[in-house]
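Novice: Structure incoming, see below.
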Amino acid sequence: MTETLGTADRPLHVAIVGAGPAGFYAAEALIKQKELVCRIDFINRLPTPYGLVREGVAPDHQSIKAVTRVYDKLAAAANIRYFGNVTFGKDLLHADLKRHYDAIIYAVGAQSDRKMGIPGEDMAGSLPATVFVGWYNGHPDYRDLEFDLSHERVLVVGNGNVAMDVTRILVSDPDELAKSDIADHALAGLRASKVREVVLLGRRGPVQAAFTTPELKEFGELAGVDVIVDPADLELDPQSATAMADDKIATRNVELLRNYAERGASGAPRRIVMRFLVSPVEVLGSDDKLGAVKIERNRLVQSDDGSMRPRGSGEFETLECGMILRSVGYRGVPLPNVPFNEASGTIPNVAGRVTTQRGGEVVPGEYVVGWAKRGPSGVIGTNKPDAAATVQSLLADLSELAGAEAPDPDAIPALLRTRQVPYVSYGDWKILDTHETSCGGEQGRPRVKVTRVAEMLEIIESGRS
Ligand code: NAP
């Protein structure tokens, strides 16, 4: 640390772009440094904070959302400010942040999704699961989308926890969902839904599935839902059986799946069919409207690194459906004037220090945390050590960070006012939060989400006065 930067005379000024878990944990790691005097500003695109905790975590997983209390406590610190409803690259430019802060931490997550790369994928009715998640969670970008739930069968591609979430929401009893903070428009859509069967397609076997046991267990606890598993899919090849012996999660998952296979169908009104070792190869339809998906049976082949990879067997089948949701992973999108690695969909970095490209030079004063740093993996808590590691890199660089002039804390709000950006403070967010939770209280729900930015700003405006 230099004699001056990070002291009362010359506090460290940090901008954190993105107020999701990774951003909050970066702020926490900074303010926990006893010797460090710093000022932190969050720049967040939506008026609402919390990132995927609000927009991604399934509405029937309310307990996971309790983590926002930690973020609220952090945000109350005198040296933390929040500028919500401010888009990086539009309302505030990269050059603005370079000028007014000593360091920038990108905590923007992964805003898009990966594709399957098969013919017909862009047909109406073939959609990324991420937008369905955004829709039922009331994300303003997705709240006006329409999902055709007038068919009996939906296919969900992928075996991760997002695939589990969307499957569960599609077959859950709407009266149960009505007790949660699911967006009202989604609840209405799901009440009218004719979907009776969701077929989950895993390209590899049950041992290689990315979902975790609590999510698999929840399937079996859904009222009015049968979980259908073909026992033949649970016959393991020798390599998978060996791999499972060392993997507690896979062992428990396969145990549960055997349970489901034994239980079979009870004639419940809705069902989840879990298929393994199958890949969609073509989305079929007419007049650009899908009607079925051609799938190919796979077998597992050991690759050079020892992992088991899927390989098509040349055996095909066609499954009729009204919608297909691909849940094959999130993907980052580039930020204006910030390096981006197209191959990984992340911001290239070394130990959280942004680099010009993969293996390139370090860009001084720019850092990255969370999914934008490591890709879309892990649970919310994974972001805590991840952000702390980046902050360690930042602290190690302190002597090189200070510019000639100390940043003026009033410059950013002044700039936003000049540009007529209606930014939202944390206090403003709390006005909206109180509005949502009190509306929810009247209905016995945790909150009723406001899902349009204009409406959010109106509620905040009237709350201010
Ligand atoms: P994920 O865990 O990486 O799963 C992606 C799935 O897509 C894998 O099963 C993968 O199969 C499959 N896949 C990839 N490309 C495919 C293709 N071309 N065709 C067919 N399948 C393909 O990703 P995610 O589900 O989006 O979740 C992201 C992260 O958020 C994960 O860490 C997840 O645990 C976390 N999350 C947690 C919760 C929770 O705790 N309840 C809820 C939601 C999300 P392969 O394994 O064969 O590649």
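Following the order of the structure tokens, chains are lettered A, B, ..., residues in each are numbered from 1, and ligands are numbered from 1.
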Check which residues fall inside 6 Å of ligand 1 when counting only C-alpha atoms and all ligand atoms, and print them as a PDB file with N, CA, C and O atoms, in the first residue's frame.
Specialist:
ATOM      1  N   MET A 116     -27.537 -24.443 -28.676  1.00  0.00           N
ATOM      2  CA  MET A 116     -27.277 -25.863 -28.920  1.00  0.00           C
ATOM      3  C   MET A 116     -26.566 -26.048 -30.259  1.00  0.00           C
ATOM      4  O   MET A 116     -25.892 -27.047 -30.464  1.00  0.00           O
ATOM      5  N   VAL A 157     -33.863 -29.002 -22.309  1.00  0.00           N
ATOM      6  CA  VAL A 157     -32.568 -29.601 -22.648  1.00  0.00           C
ATOM      7  C   VAL A 157     -31.523 -29.178 -21.632  1.00  0.00           C
ATOM      8  O   VAL A 157     -31.349 -27.992 -21.373  1.00  0.00           O
ATOM      9  N   GLY A 158     -30.819 -30.147 -21.067  1.00  0.00           N
ATOM     10  CA  GLY A 158     -29.768 -29.844 -20.088  1.00  0.00           C
ATOM     11  C   GLY A 158     -30.054 -30.543 -18.780  1.00  0.00           C
ATOM     12  O   GLY A 158     -31.210 -30.886 -18.483  1.00  0.00           O
ATOM     13  N   ASN A 159     -29.006 -30.767 -18.023  1.00  0.00           N
ATOM     14  CA  ASN A 159     -29.158 -31.466 -16.743  1.00  0.00           C
ATOM     15  C   ASN A 159     -28.537 -30.670 -15.602  1.00  0.00           C
ATOM     16  O   ASN A 159     -27.950 -31.227 -14.678  1.00  0.00           O
ATOM     17  N   GLY A 160     -28.636 -29.328 -15.689  1.00  0.00           N
ATOM     18  CA  GLY A 160     -28.126 -28.483 -14.607  1.00  0.00           C
ATOM     19  C   GLY A 160     -29.280 -28.038 -13.711  1.00  0.00           C
ATOM     20  O   GLY A 160     -30.439 -28.389 -13.942  1.00  0.00           O
ATOM     21  N   ASN A 161     -28.969 -27.231 -12.707  1.00  0.00           N
ATOM     22  CA  ASN A 161     -30.008 -26.800 -11.773  1.00  0.00           C
ATOM     23  C   ASN A 161     -30.989 -25.806 -12.386  1.00  0.00           C
ATOM     24  O   ASN A 161     -32.119 -25.681 -11.918  1.00  0.00           O
ATOM     25  N   VAL A 162     -30.572 -25.107 -13.443  1.00  0.00           N
ATOM     26  CA  VAL A 162     -31.536 -24.218 -14.103  1.00  0.00           C
ATOM     27  C   VAL A 162     -32.600 -25.065 -14.803  1.00  0.00           C
ATOM     28  O   VAL A 162     -33.804 -24.778 -14.731  1.00  0.00           O
ATOM     29  N   ALA A 163     -32.171 -26.143 -15.446  1.00  0.00           N
ATOM     30  CA  ALA A 163     -33.133 -27.062 -16.081  1.00  0.00           C
ATOM     31  C   ALA A 163     -34.101 -27.616 -15.025  1.00  0.00           C
ATOM     32  O   ALA A 163     -35.309 -27.736 -15.279  1.00  0.00           O
ATOM     33  N   GLY A 202     -31.020 -35.150 -20.852  1.00  0.00           N
ATOM     34  CA  GLY A 202     -29.605 -35.072 -20.468  1.00  0.00           C
ATOM     35  C   GLY A 202     -28.771 -35.729 -21.553  1.00  0.00           C
ATOM     36  O   GLY A 202     -29.078 -36.847 -21.963  1.00  0.00           O
ATOM     37  N   ARG A 203     -27.721 -35.036 -22.008  1.00  0.00           N
ATOM     38  CA  ARG A 203     -26.957 -35.642 -23.111  1.00  0.00           C
ATOM     39  C   ARG A 203     -26.012 -36.739 -22.618  1.00  0.00           C
ATOM     40  O   ARG A 203     -25.543 -37.553 -23.378  1.00  0.00           O
ATOM     41  N   ARG A 204     -25.709 -36.706 -21.302  1.00  0.00           N
ATOM     42  CA  ARG A 204     -24.867 -37.773 -20.744  1.00  0.00           C
ATOM     43  C   ARG A 204     -25.695 -38.578 -19.742  1.00  0.00           C
ATOM     44  O   ARG A 204     -26.903 -38.461 -19.677  1.00  0.00           O
ATOM     45  N   ALA A 209     -24.647 -35.992 -14.510  1.00  0.00           N
ATOM     46  CA  ALA A 209     -25.609 -34.876 -14.443  1.00  0.00           C
ATOM     47  C   ALA A 209     -25.074 -33.758 -13.551  1.00  0.00           C
ATOM     48  O   ALA A 209     -24.419 -34.018 -12.537  1.00  0.00           O
ATOM     49  N   ALA A 210     -25.349 -32.499 -13.933  1.00  0.00           N
ATOM     50  CA  ALA A 210     -24.835 -31.339 -13.185  1.00  0.00           C
ATOM     51  C   ALA A 210     -25.783 -30.929 -12.048  1.00  0.00           C
ATOM     52  O   ALA A 210     -25.409 -30.147 -11.185  1.00  0.00           O
ATOM     53  N   SER A 279     -29.623 -36.409 -27.160  1.00  0.00           N
ATOM     54  CA  SER A 279     -29.355 -35.019 -27.567  1.00  0.00           C
ATOM     55  C   SER A 279     -30.332 -34.613 -28.654  1.00  0.00           C
ATOM     56  O   SER A 279     -30.542 -35.375 -29.605  1.00  0.00           O
ATOM     57  N   SER A 327     -31.463 -25.316 -21.764  1.00  0.00           N
ATOM     58  CA  SER A 327     -30.872 -24.899 -20.499  1.00  0.00           C
ATOM     59  C   SER A 327     -29.468 -25.451 -20.459  1.00  0.00           C
ATOM     60  O   SER A 327     -29.145 -26.329 -19.657  1.00  0.00           O
ATOM     61  N   VAL A 328     -28.651 -24.962 -21.401  1.00  0.00           N
ATOM     62  CA  VAL A 328     -27.315 -25.540 -21.586  1.00  0.00           C
ATOM     63  C   VAL A 328     -26.217 -24.561 -21.142  1.00  0.00           C
ATOM     64  O   VAL A 328     -25.080 -24.653 -21.569  1.00  0.00           O
ATOM     65  N   GLY A 329     -26.583 -23.629 -20.264  1.00  0.00           N
ATOM     66  CA  GLY A 329     -25.602 -22.735 -19.677  1.00  0.00           C
ATOM     67  C   GLY A 329     -25.813 -21.278 -20.055  1.00  0.00           C
ATOM     68  O   GLY A 329     -26.310 -20.966 -21.130  1.00  0.00           O
ATOM     69  N   TYR A 330     -25.480 -20.411 -19.107  1.00  0.00           N
ATOM     70  CA  TYR A 330     -25.497 -18.964 -19.364  1.00  0.00           C
ATOM     71  C   TYR A 330     -24.215 -18.588 -20.116  1.00  0.00           C
ATOM     72  O   TYR A 330     -23.272 -19.369 -20.197  1.00  0.00           O
ATOM     73  N   PRO A 376     -20.242 -19.262 -15.844  1.00  0.00           N
ATOM     74  CA  PRO A 376     -21.450 -19.473 -15.043  1.00  0.00           C
ATOM     75  C   PRO A 376     -21.443 -20.784 -14.255  1.00  0.00           C
ATOM     76  O   PRO A 376     -22.038 -21.771 -14.681  1.00  0.00           O
ATOM     77  N   SER A 377     -20.762 -20.772 -13.125  1.00  0.00           N
ATOM     78  CA  SER A 377     -20.701 -22.000 -12.326  1.00  0.00           C
ATOM     79  C   SER A 377     -20.802 -21.666 -10.849  1.00  0.00           C
ATOM     80  O   SER A 377     -20.518 -20.543 -10.437  1.00  0.00           O
ATOM     81  N   GLY A 378     -21.198 -22.658 -10.087  1.00  0.00           N
ATOM     82  CA  GLY A 378     -21.215 -22.513  -8.636  1.00  0.00           C
ATOM     83  C   GLY A 378     -22.507 -21.923  -8.111  1.00  0.00           C
ATOM     84  O   GLY A 378     -23.372 -21.495  -8.868  1.00  0.00           O
ATOM     85  N   VAL A 379     -22.610 -21.917  -6.782  1.00  0.00           N
ATOM     86  CA  VAL A 379     -23.810 -21.364  -6.130  1.00  0.00           C
ATOM     87  C   VAL A 379     -23.487 -19.940  -5.673  1.00  0.00           C
ATOM     88  O   VAL A 379     -22.362 -19.470  -5.864  1.00  0.00           O
TER      89      VAL A 379
END
Novice: Tell me, as a PDB file with all heavy atoms, in the first residue's frame, which residues lie within 9 Å of Gln111 in chain A, counting only C-alpha atoms; anything in the same chain fewer than 2 positions away does not count.
Specialist:
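result13.pdb written:
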ATOM      1  N   VAL A 108     -20.690  -8.216 -13.589  1.00  0.00           N
ATOM      2  CA  VAL A 108     -21.884  -8.149 -14.441  1.00  0.00           C
ATOM      3  C   VAL A 108     -22.509  -9.505 -14.741  1.00  0.00           C
ATOM      4  O   VAL A 108     -23.520  -9.586 -15.452  1.00  0.00           O
ATOM      5  CB  VAL A 108     -21.566  -7.425 -15.779  1.00  0.00           C
ATOM      6  CG1 VAL A 108     -21.275  -5.956 -15.531  1.00  0.00           C
ATOM      7  CG2 VAL A 108     -20.371  -8.083 -16.486  1.00  0.00           C
ATOM      8  N   GLY A 109     -21.943 -10.583 -14.209  1.00  0.00           N
ATOM      9  CA  GLY A 109     -22.541 -11.901 -14.415  1.00  0.00           C
ATOM     10  C   GLY A 109     -22.456 -12.350 -15.855  1.00  0.00           C
ATOM     11  O   GLY A 109     -21.554 -11.971 -16.609  1.00  0.00           O
ATOM     12  N   ASP A 113     -27.212 -16.557 -23.042  1.00  0.00           N
ATOM     13  CA  ASP A 113     -27.248 -18.005 -22.885  1.00  0.00           C
ATOM     14  C   ASP A 113     -26.464 -18.681 -24.003  1.00  0.00           C
ATOM     15  O   ASP A 113     -26.249 -18.087 -25.058  1.00  0.00           O
ATOM     16  CB  ASP A 113     -28.701 -18.487 -22.950  1.00  0.00           C
ATOM     17  CG  ASP A 113     -29.263 -18.283 -24.338  1.00  0.00           C
ATOM     18  OD1 ASP A 113     -29.525 -17.147 -24.711  1.00  0.00           O
ATOM     19  OD2 ASP A 113     -29.390 -19.283 -25.079  1.00  0.00           O
ATOM     20  N   THR A 130     -33.137 -19.342 -19.835  1.00  0.00           N
ATOM     21  CA  THR A 130     -32.819 -18.117 -19.080  1.00  0.00           C
ATOM     22  C   THR A 130     -33.912 -17.050 -19.242  1.00  0.00           C
ATOM     23  O   THR A 130     -34.202 -16.327 -18.302  1.00  0.00           O
ATOM     24  CB  THR A 130     -31.473 -17.537 -19.553  1.00  0.00           C
ATOM     25  OG1 THR A 130     -31.500 -17.412 -20.973  1.00  0.00           O
ATOM     26  CG2 THR A 130     -30.315 -18.427 -19.160  1.00  0.00           C
ATOM     27  N   TYR A 330     -25.480 -20.411 -19.107  1.00  0.00           N
ATOM     28  CA  TYR A 330     -25.497 -18.964 -19.364  1.00  0.00           C
ATOM     29  C   TYR A 330     -24.215 -18.588 -20.116  1.00  0.00           C
ATOM     30  O   TYR A 330     -23.272 -19.369 -20.197  1.00  0.00           O
ATOM     31  CB  TYR A 330     -25.519 -18.196 -18.039  1.00  0.00           C
ATOM     32  CG  TYR A 330     -26.846 -18.144 -17.325  1.00  0.00           C
ATOM     33  CD1 TYR A 330     -27.304 -19.216 -16.563  1.00  0.00           C
ATOM     34  CD2 TYR A 330     -27.636 -16.999 -17.361  1.00  0.00           C
ATOM     35  CE1 TYR A 330     -28.504 -19.163 -15.869  1.00  0.00           C
ATOM     36  CE2 TYR A 330     -28.834 -16.930 -16.670  1.00  0.00           C
ATOM     37  CZ  TYR A 330     -29.259 -18.005 -15.928  1.00  0.00           C
ATOM     38  OH  TYR A 330     -30.454 -17.940 -15.239  1.00  0.00           O
ATOM     39  N   ARG A 331     -24.195 -17.366 -20.635  1.00  0.00           N
ATOM     40  CA  ARG A 331     -23.017 -16.886 -21.347  1.00  0.00           C
ATOM     41  C   ARG A 331     -22.895 -15.369 -21.157  1.00  0.00           C
ATOM     42  O   ARG A 331     -23.904 -14.660 -21.175  1.00  0.00           O
ATOM     43  CB  ARG A 331     -23.195 -17.210 -22.841  1.00  0.00           C
ATOM     44  CG  ARG A 331     -21.972 -16.975 -23.662  1.00  0.00           C
ATOM     45  CD  ARG A 331     -22.212 -17.220 -25.138  1.00  0.00           C
ATOM     46  NE  ARG A 331     -21.329 -16.332 -25.888  1.00  0.00           N
ATOM     47  CZ  ARG A 331     -20.034 -16.522 -26.044  1.00  0.00           C
ATOM     48  NH1 ARG A 331     -19.468 -17.591 -25.543  1.00  0.00           N
ATOM     49  NH2 ARG A 331     -19.287 -15.663 -26.694  1.00  0.00           N
ATOM     50  N   GLY A 332     -21.681 -14.897 -20.975  1.00  0.00           N
ATOM     51  CA  GLY A 332     -21.472 -13.461 -20.788  1.00  0.00           C
ATOM     52  C   GLY A 332     -21.643 -12.699 -22.092  1.00  0.00           C
ATOM     53  O   GLY A 332     -21.562 -13.282 -23.173  1.00  0.00           O
ATOM     54  N   VAL A 333     -21.898 -11.391 -21.979  1.00  0.00           N
ATOM     55  CA  VAL A 333     -21.939 -10.537 -23.179  1.00  0.00           C
ATOM     56  C   VAL A 333     -20.882  -9.433 -22.998  1.00  0.00           C
ATOM     57  O   VAL A 333     -20.635  -8.997 -21.881  1.00  0.00           O
ATOM     58  CB  VAL A 333     -23.337  -9.910 -23.436  1.00  0.00           C
ATOM     59  CG1 VAL A 333     -24.336 -10.934 -23.874  1.00  0.00           C
ATOM     60  CG2 VAL A 333     -23.849  -9.181 -22.222  1.00  0.00           C
TER      61      VAL A 333
END
Novice: Determine which residues of range 86-133 of chain A DSSP labels as strand (DSSP E or B) from the backbone of this structure, then write them out as a PyMOL selection string.
Specialist: chain A and resi 88+92+103-106+112-113+124+126-128
Novice: Go through A:His151, A:Lys115, A:Arg270, A:Lys194 and flag the residue nearest Arg168 in chain A, using only C-alpha atoms for the distances.
Specialist: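 When distances to Arg168 in chain A are compared using only C-alpha atoms, the smallest one comes from A:Arg270.
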Novice: If we count only C-alpha atoms, what is near range 83-89 of chain A at a cut-off of 7 Å, once residues fewer than 3 positions away on the same chain are taken out, given as a VMD selection string?
Specialist: chain A and resid 42 to 48 92 to 94 336 423 to 425
Novice: Find, counting only C-alpha atoms, the residue in A:Gln33, A:Thr4, A:Ser462, A:Ser193 that gets nearest to Ile431 in chain A.
Specialist: A:Ser462
Novice: Which polymer residues have any atom within 7 Å of an atom of Thr212 in chain A, counting only C-alpha atoms, with same-chain residues fewer than 3 positions away left out, as JSON, numbers by chain?
Specialist: {"A": [161, 215, 216, 249]}
Novice: At a cut-off of 7 Å, using only C-alpha atoms, what residues contact Arg311 in chain A? Leave out same-chain residues fewer than 4 positions from it and give the result as a ChimeraX atom specification.
Specialist: /A:298-301
Novice: Excluding Tyr71 in chain A and any residue of its chain fewer than 4 positions from it, enumerate the residues within 10 Å of it, using only C-alpha atoms, and give them as a VMD selection string.
Specialist: chain A and resid 19 to 21 23 to 25 27 to 28 49 to 50 66 to 67 75 to 76
Novice: Give me every helix (DSSP H, G or I) residue in range 1-144 of chain A, going by DSSP on the backbone, as a count of residues only.
Specialist: 44
Novice: What is the distance, in Å and to one decimal place, between CA of Thr355 in chain A and CA of Ala388 in chain A?
Specialist: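 We find that CA of Thr355 in chain A and CA of Ala388 in chain A lie 18.6 Å from each other.
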Novice: What is the CA of Tyr82 in chain A to CA of Ala396 in chain A distance in Å?
Specialist: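 Those two atoms sit 25.6 Å apart.
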